[in-house]
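J.: Take a look at final.txt, compact mmCIF, C-alpha atoms and all ligand atoms:
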# COMPACT_ATOMS: atom_id res chain seq x y z
CA MET A 4 0.00 0.00 0.00
CA THR A 5 1.60 3.27 -1.08
CA LEU A 6 0.16 6.73 -0.69
CA THR A 7 1.91 9.42 -2.71
CA ILE A 8 1.21 13.10 -1.95
CA TYR A 9 2.18 15.51 -4.75
CA GLY A 10 2.84 19.12 -3.83
CA VAL A 11 5.41 21.20 -1.99
CA TYR A 12 4.81 21.97 1.67
CA ARG A 13 4.30 25.63 0.76
CA SER A 14 0.94 24.84 -0.84
CA ARG A 15 -2.46 23.42 0.02
CA ALA A 16 -0.67 20.05 0.30
CA THR A 17 -0.24 21.05 3.97
CA ARG A 18 -3.82 19.92 4.49
CA ASN A 19 -3.18 16.39 3.30
CA ILE A 20 0.23 16.04 4.91
CA TRP A 21 -1.16 17.20 8.26
CA LEU A 22 -4.00 14.66 8.06
CA ALA A 23 -1.70 11.83 6.95
CA LEU A 24 0.52 12.59 9.97
CA GLU A 25 -2.52 12.69 12.29
CA LEU A 26 -3.68 9.33 10.96
CA GLY A 27 -0.22 7.76 10.96
CA ILE A 28 -0.49 6.91 7.25
CA PRO A 29 2.98 6.49 5.71
CA PHE A 30 3.35 8.42 2.46
CA VAL A 31 5.81 9.26 -0.26
CA HIS A 32 6.13 13.00 -0.76
CA VAL A 33 6.74 14.33 -4.29
CA PRO A 34 7.53 18.07 -4.02
CA VAL A 35 5.81 19.38 -7.17
CA ILE A 36 6.21 23.18 -7.10
CA GLN A 37 3.83 25.87 -8.41
CA ALA A 38 4.88 26.84 -11.98
CA ASN A 39 4.40 30.53 -11.15
CA ARG A 40 7.15 30.32 -8.54
CA LEU A 41 9.74 29.40 -11.17
CA PRO A 42 11.43 31.81 -13.59
CA ASP A 43 10.98 29.34 -16.46
CA PRO A 44 8.90 26.29 -15.57
CA ASP A 45 9.33 24.87 -19.10
CA ALA A 46 13.13 25.12 -19.15
CA PRO A 47 15.01 21.86 -19.54
CA GLY A 48 16.04 20.74 -16.07
CA ALA A 49 13.35 22.87 -14.33
CA PRO A 50 12.07 21.21 -11.15
CA LEU A 51 8.91 19.14 -11.38
CA ASN A 52 6.13 21.73 -11.42
CA THR A 53 2.43 22.19 -12.06
CA ARG A 54 3.10 22.60 -15.81
CA SER A 55 5.43 19.63 -16.19
CA PRO A 56 4.01 17.07 -18.66
CA GLU A 57 4.93 14.35 -16.16
CA PHE A 58 2.78 15.97 -13.46
CA LEU A 59 -0.06 16.83 -15.86
CA LYS A 60 -0.44 13.08 -16.37
CA VAL A 61 -1.20 12.87 -12.63
CA ASN A 62 -3.44 15.95 -12.44
CA PRO A 63 -4.59 17.39 -15.77
CA ASN A 64 -5.89 20.44 -13.85
CA GLY A 65 -2.28 21.40 -13.25
CA HIS A 66 -2.72 22.13 -9.54
CA ILE A 67 -1.32 20.76 -6.33
CA PRO A 68 -2.06 18.82 -4.21
CA SER A 69 -2.98 15.47 -5.74
CA ILE A 70 -2.62 11.98 -4.37
CA ASP A 71 -2.05 8.55 -5.81
CA ASP A 72 -3.27 5.87 -3.44
CA ASP A 73 -2.23 2.51 -4.88
CA GLY A 74 -3.15 3.70 -8.37
CA PHE A 75 -6.27 5.65 -7.31
CA ARG A 76 -5.76 9.31 -8.13
CA LEU A 77 -7.58 12.15 -6.45
CA HIS A 78 -7.33 15.94 -6.60
CA GLU A 79 -8.77 18.78 -4.50
CA SER A 80 -7.19 19.07 -1.08
CA LEU A 81 -10.40 18.99 0.95
CA ALA A 82 -11.85 16.00 -0.95
CA ILE A 83 -8.55 14.17 -0.54
CA ASN A 84 -8.82 14.63 3.23
CA LEU A 85 -12.40 13.38 3.34
CA TYR A 86 -11.30 10.31 1.36
CA LEU A 87 -8.26 9.57 3.53
CA ALA A 88 -10.25 9.95 6.76
CA ARG A 89 -13.08 7.72 5.48
CA LYS A 90 -10.58 5.11 4.33
CA GLN A 91 -8.63 5.07 7.58
CA GLY A 92 -11.58 5.36 9.99
CA GLY A 93 -11.02 6.03 13.69
CA PRO A 94 -11.79 9.13 15.75
CA ARG A 95 -10.66 11.67 13.11
CA ALA A 96 -13.17 10.28 10.58
CA PRO A 97 -16.93 10.85 10.47
CA ALA A 98 -18.54 8.19 12.68
CA THR A 99 -22.12 8.37 11.36
CA ILE A 100 -23.92 9.29 8.16
CA GLN A 101 -24.82 12.61 9.81
CA GLU A 102 -21.14 13.29 10.50
CA GLU A 103 -20.37 12.43 6.86
CA GLY A 104 -22.85 15.12 5.93
CA LEU A 105 -21.39 17.61 8.37
CA ALA A 106 -17.81 16.96 7.21
CA ALA A 107 -18.85 17.50 3.58
CA MET A 108 -20.84 20.62 4.52
CA TRP A 109 -17.94 22.21 6.40
CA ALA A 110 -15.45 21.37 3.64
CA LEU A 111 -17.71 23.04 1.07
CA TRP A 112 -18.34 25.92 3.48
CA ALA A 113 -14.58 26.40 3.80
CA ALA A 114 -14.02 26.30 0.04
CA THR A 115 -16.93 28.54 -0.97
CA GLU A 116 -17.81 30.85 1.95
CA CYS A 117 -14.29 31.36 3.29
CA GLU A 118 -11.39 30.56 0.99
CA PRO A 119 -12.04 33.12 -1.79
CA HIS A 120 -11.81 35.81 0.91
CA SER A 121 -9.27 34.35 3.33
CA ILE A 122 -6.78 33.91 0.48
CA ASN A 123 -7.16 37.60 -0.36
CA VAL A 124 -6.43 38.53 3.26
CA LEU A 125 -3.28 36.42 3.06
CA TYR A 126 -2.16 37.73 -0.34
CA HIS A 127 -2.90 41.38 0.28
CA ARG A 128 -1.77 41.67 3.89
CA ALA A 129 1.16 39.26 4.07
CA ALA A 130 2.17 36.89 1.27
CA ARG A 131 2.69 39.21 -1.70
CA PRO A 132 5.50 41.74 -1.86
CA PRO A 133 4.28 45.08 -0.41
CA GLU A 134 4.18 46.76 -3.86
CA GLU A 135 1.75 44.09 -5.12
CA ARG A 136 -0.65 44.34 -2.18
CA ASP A 137 -3.97 46.15 -2.41
CA ALA A 138 -5.24 47.23 1.01
CA ALA A 139 -8.77 47.77 -0.35
CA VAL A 140 -8.98 44.16 -1.57
CA ALA A 141 -7.85 42.94 1.86
CA ASP A 142 -10.36 45.15 3.68
CA LEU A 143 -13.23 43.95 1.47
CA ALA A 144 -12.19 40.35 2.14
CA VAL A 145 -12.19 40.99 5.89
CA GLU A 146 -15.72 42.39 5.70
CA ALA A 147 -16.84 39.38 3.62
CA LEU A 148 -15.45 37.02 6.27
CA ARG A 149 -17.35 38.55 9.19
CA LYS A 150 -20.49 36.50 8.56
CA PRO A 151 -18.79 33.10 8.02
CA PHE A 152 -16.60 33.74 11.07
CA ALA A 153 -19.73 34.43 13.16
CA VAL A 154 -21.29 31.20 11.86
CA LEU A 155 -18.20 29.17 12.75
CA ASP A 156 -17.88 30.90 16.12
CA LYS A 157 -21.42 29.82 17.00
CA ALA A 158 -20.80 26.24 15.82
CA LEU A 159 -17.73 26.01 18.04
CA ALA A 160 -19.42 27.51 21.11
CA LYS A 161 -20.71 24.17 22.45
CA ASP A 162 -17.51 22.16 22.82
CA GLY A 163 -14.77 23.79 20.75
CA PHE A 164 -14.88 21.36 17.81
CA ILE A 165 -16.76 21.42 14.54
CA MET A 166 -18.54 18.11 15.03
CA GLY A 167 -18.86 15.20 17.40
CA GLY A 168 -17.17 16.87 20.37
CA ARG A 169 -13.76 15.74 19.13
CA PHE A 170 -10.99 16.80 16.74
CA THR A 171 -11.77 15.49 13.25
CA VAL A 172 -10.99 15.92 9.57
CA ALA A 173 -13.64 18.68 9.56
CA ASP A 174 -11.45 20.75 11.89
CA ILE A 175 -8.39 20.18 9.70
CA ASN A 176 -10.18 21.18 6.51
CA ALA A 177 -11.81 24.30 7.95
CA SER A 178 -8.81 25.44 10.00
CA GLU A 179 -6.45 25.28 7.05
CA VAL A 180 -8.70 27.69 5.16
CA VAL A 181 -9.34 29.94 8.18
CA ARG A 182 -5.57 30.09 8.80
CA TYR A 183 -5.17 32.27 5.70
CA ALA A 184 -7.10 35.01 7.50
CA LEU A 185 -4.60 35.27 10.37
CA PRO A 186 -3.26 38.60 9.02
CA ALA A 187 -6.67 40.03 9.99
CA PRO A 188 -6.53 39.86 13.82
CA GLU A 189 -9.69 41.97 14.02
CA LEU A 190 -11.69 38.99 12.72
CA PHE A 191 -10.38 36.73 15.48
CA ALA A 192 -10.92 39.38 18.16
CA ASP A 193 -14.62 39.33 17.25
CA ALA A 194 -14.77 35.50 17.13
CA PRO A 195 -13.15 34.22 20.35
CA ASN A 196 -14.24 30.61 19.82
CA VAL A 197 -12.61 30.59 16.37
CA LYS A 198 -9.45 32.08 17.87
CA ALA A 199 -9.26 29.42 20.61
CA TRP A 200 -10.09 26.60 18.16
CA LEU A 201 -7.40 27.65 15.68
CA ALA A 202 -4.84 27.84 18.50
CA ALA A 203 -5.86 24.32 19.62
CA CYS A 204 -5.53 23.03 16.03
CA HIS A 205 -2.07 24.58 15.81
CA ALA A 206 -1.02 23.00 19.11
CA ARG A 207 -1.39 19.51 17.64
CA PRO A 208 1.94 17.69 17.25
CA ALA A 209 1.09 16.64 13.67
CA TRP A 210 0.44 20.25 12.65
CA LYS A 211 3.72 21.35 14.25
CA GLU A 212 5.60 18.58 12.46
CA MET A 213 4.07 19.58 9.13
CA MET A 214 4.89 23.26 9.72
CA LYS A 215 8.47 22.40 10.65
CA GLN A 216 8.92 20.71 7.28
CA ARG A 217 7.21 23.62 5.55
CA GLU A 218 9.48 26.17 7.15
CA GLY A 219 12.46 24.09 6.01
CA GLU A 220 11.42 24.62 2.38
CA PRO A 221 12.69 27.64 0.44
CA ALA A 222 10.14 30.50 0.53
N1 LIG B 301 -9.15 23.87 -4.95
C1 LIG B 301 -7.83 23.33 -5.13
C2 LIG B 301 -6.85 24.47 -5.35
C3 LIG B 301 -5.51 23.96 -5.85
C4 LIG B 301 -4.55 25.11 -6.11
O1 LIG B 301 -4.94 26.17 -6.64
N2 LIG B 301 -3.28 24.87 -5.77
C5 LIG B 301 -2.25 25.87 -5.99
C6 LIG B 301 -1.17 25.75 -4.91
S1 LIG B 301 -1.80 25.94 -3.28
C7 LIG B 301 -1.54 25.60 -7.31
O2 LIG B 301 -1.48 24.48 -7.76
N3 LIG B 301 -0.99 26.66 -7.92
C8 LIG B 301 -0.10 26.54 -9.04
C9 LIG B 301 -0.78 26.41 -10.37
O3 LIG B 301 -2.02 26.49 -10.43
O4 LIG B 301 -0.06 26.25 -11.36
C10 LIG B 301 -7.45 22.49 -3.90
O5 LIG B 301 -7.92 22.81 -2.80
O6 LIG B 301 -6.71 21.51 -4.04
Rewrite the structure from the file as structure tokens, please.
T.:
Amino acid sequence: MTLTIYGVYRSRATRNIWLALELGIPFVHVPVIQANRLPDPDAPGAPLNTRSPEFLKVNPNGHIPSIDDDGFRLHESLAINLYLARKQGGPRAPATIQEEGLAAMWALWAATECEPHSINVLYHRAARPPEERDAAVADLAVEALRKPFAVLDKALAKDGFIMGGRFTVADINASEVVRYALPAPELFADAPNVKAWLAACHARPAWKEMMKQREGEPA
């Protein structure tokens, strides 16, 4: 049984690597890099990247992450996590059909209600060089996140987890998307349950191990 995870640590592959570490699933890591981070991704000898013909055979969308699980290929970071959790079972996976529904709902919530905005907070307040940042885009994104943050804050109020009173794949998927909004501390100040939950997610040994590897990669 071999699980291969394609994608550098400085990408959404963090989501899948974190979960694989949580679940204790051994994996082979293939550090495919984003083509836009290379001066000439098509140059002979360029590192394996999202435009490399070899990688496009794995994921014709040309994005990372992707996995190959004993010949079964899957793309989309959040779907990959739902698959790996379901396959492995145990406390991190949905335990009932209702939890399956909740895990799918929160993954789609993260991707549609949150990520388009949280990524703009990250890009325009932190990740891009200062001359490429647009403060107005970041401010609009912060305003757009106020409602989803309030929804998540309420969901976490009962016991500090997204579902089932325990840490699950739903927390990994949502927290990795919410993490992008960290450069907007005002959002977390108004959502104390989200703030405490994200800190608890980031205190997990598997998350720390994943981040250690990520920080070891060139920026
Ligand atoms: N919805 C996809 C997004 C994948 C995505 O856009 N990945 C970025 C890196 S985080 C990428 O591949 N960028 C380089 C490219 O598109 O060439 C997922 O969650 O897996």
J.: Neighbours of ligand LIG 301 (chain B) within 6 Å, counting only C-alpha atoms and all ligand atoms, as a ChimeraX atom specification?
T.: /A:14-15,37-38,53,65-68,79-81
J.: Got a sec: who's within 10 Å of region 190-207 of chain A, counting only C-alpha atoms, leaving out chain neighbours fewer than 4 positions off, as a PyMOL selection string?
T.: chain A and resi 21+25+145-146+148-149+152-165+170+174-175+177-179+181-182+184-186+211-212+214
J.: Between A:Phe75, A:Tyr126, A:Trp210, A:Trp109, single out the one closest to Ile8 (chain A), counting only C-alpha atoms.
T.: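 Ranked by minimum distance to Ile8 (chain A), first place goes to A:Phe75.
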J.: Work out how far apart CA of Val172 (chain A) and CA of Leu85 (chain A) are and give it in Å to one decimal.
T.: 6.9 Å
J.: With all atoms listed in the file as the counted atoms, please give the residues lying no more than 12 Å from Ala129 (chain A), apart from itself and same-chain residues fewer than 5 positions off, as an MDAnalysis selection string.
T.: chainID A and resid 121:124 134:138 141 183:187
J.: Near Gly74 (chain A), counting all atoms listed in the file, which residues have an atom at most 12 Å away, once you skip same-chain residues fewer than 3 positions from it, shown as a PyMOL selection string?
T.: chain A and resi 4-7+61+70-71+77
J.: If the box runs along x, y and z of the file and leaves 4 Å on each side of region 174-185 of chain A, what are its centre and edge lengths in Å, one decimal, as AutoDock Vina command-line options?
T.:
--center_x -8.2 --center_y 27.7 --center_z 8.5 --size_x 15.2 --size_y 23.1 --size_z 14.7
J.: Each residue of region 157-203 of chain A lying at most 9 Å from region 95-100 of chain A should get a row with its shortest atom-to-atom pair and the distance in Å to one decimal, counting all atoms listed in the file; could you produce that, ordered by chain and increasing number, as CSV?
T.:
residue,atom,partner,partner_atom,distance
A:Met166,CA,A:Pro97,CA,8.7
A:Gly167,CA,A:Pro97,CA,8.4
A:Arg169,CA,A:Arg95,CA,7.9
A:Phe170,CA,A:Arg95,CA,6.3
A:Thr171,CA,A:Arg95,CA,4.0
A:Val172,CA,A:Arg95,CA,5.5
A:Ala173,CA,A:Arg95,CA,8.4
J.: May I ask for the distance between CA of Glu116 (chain A) and CA of Lys150 (chain A), given in Å to one decimal place?
T.: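 One can read the CA of Glu116 (chain A) to CA of Lys150 (chain A) distance as 9.1 Å.
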J.: Report, in Å to a single decimal, how far apart CA of Glu103 (chain A) and CA of Ile28 (chain A) are.
T.: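 Answer for the CA of Ile28 (chain A) to CA of Glu103 (chain A) separation: 20.6 Å.
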J.: Taking only C-alpha atoms into account, which of A:Tyr86, A:Phe30, A:Trp112, A:Tyr9 comes nearest Asn62 (chain A)?
T.: A:Tyr9
J.: Got a sec: who's within 9 Å of Ala147 (chain A), counting only C-alpha atoms, leaving out chain neighbours fewer than 4 positions off, as a list of chain:residue names?
T.: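 Using only C-alpha atoms, the neighbours found are A:Glu116, A:Cys117, A:His120, A:Asp142, A:Leu143, A:Pro151.
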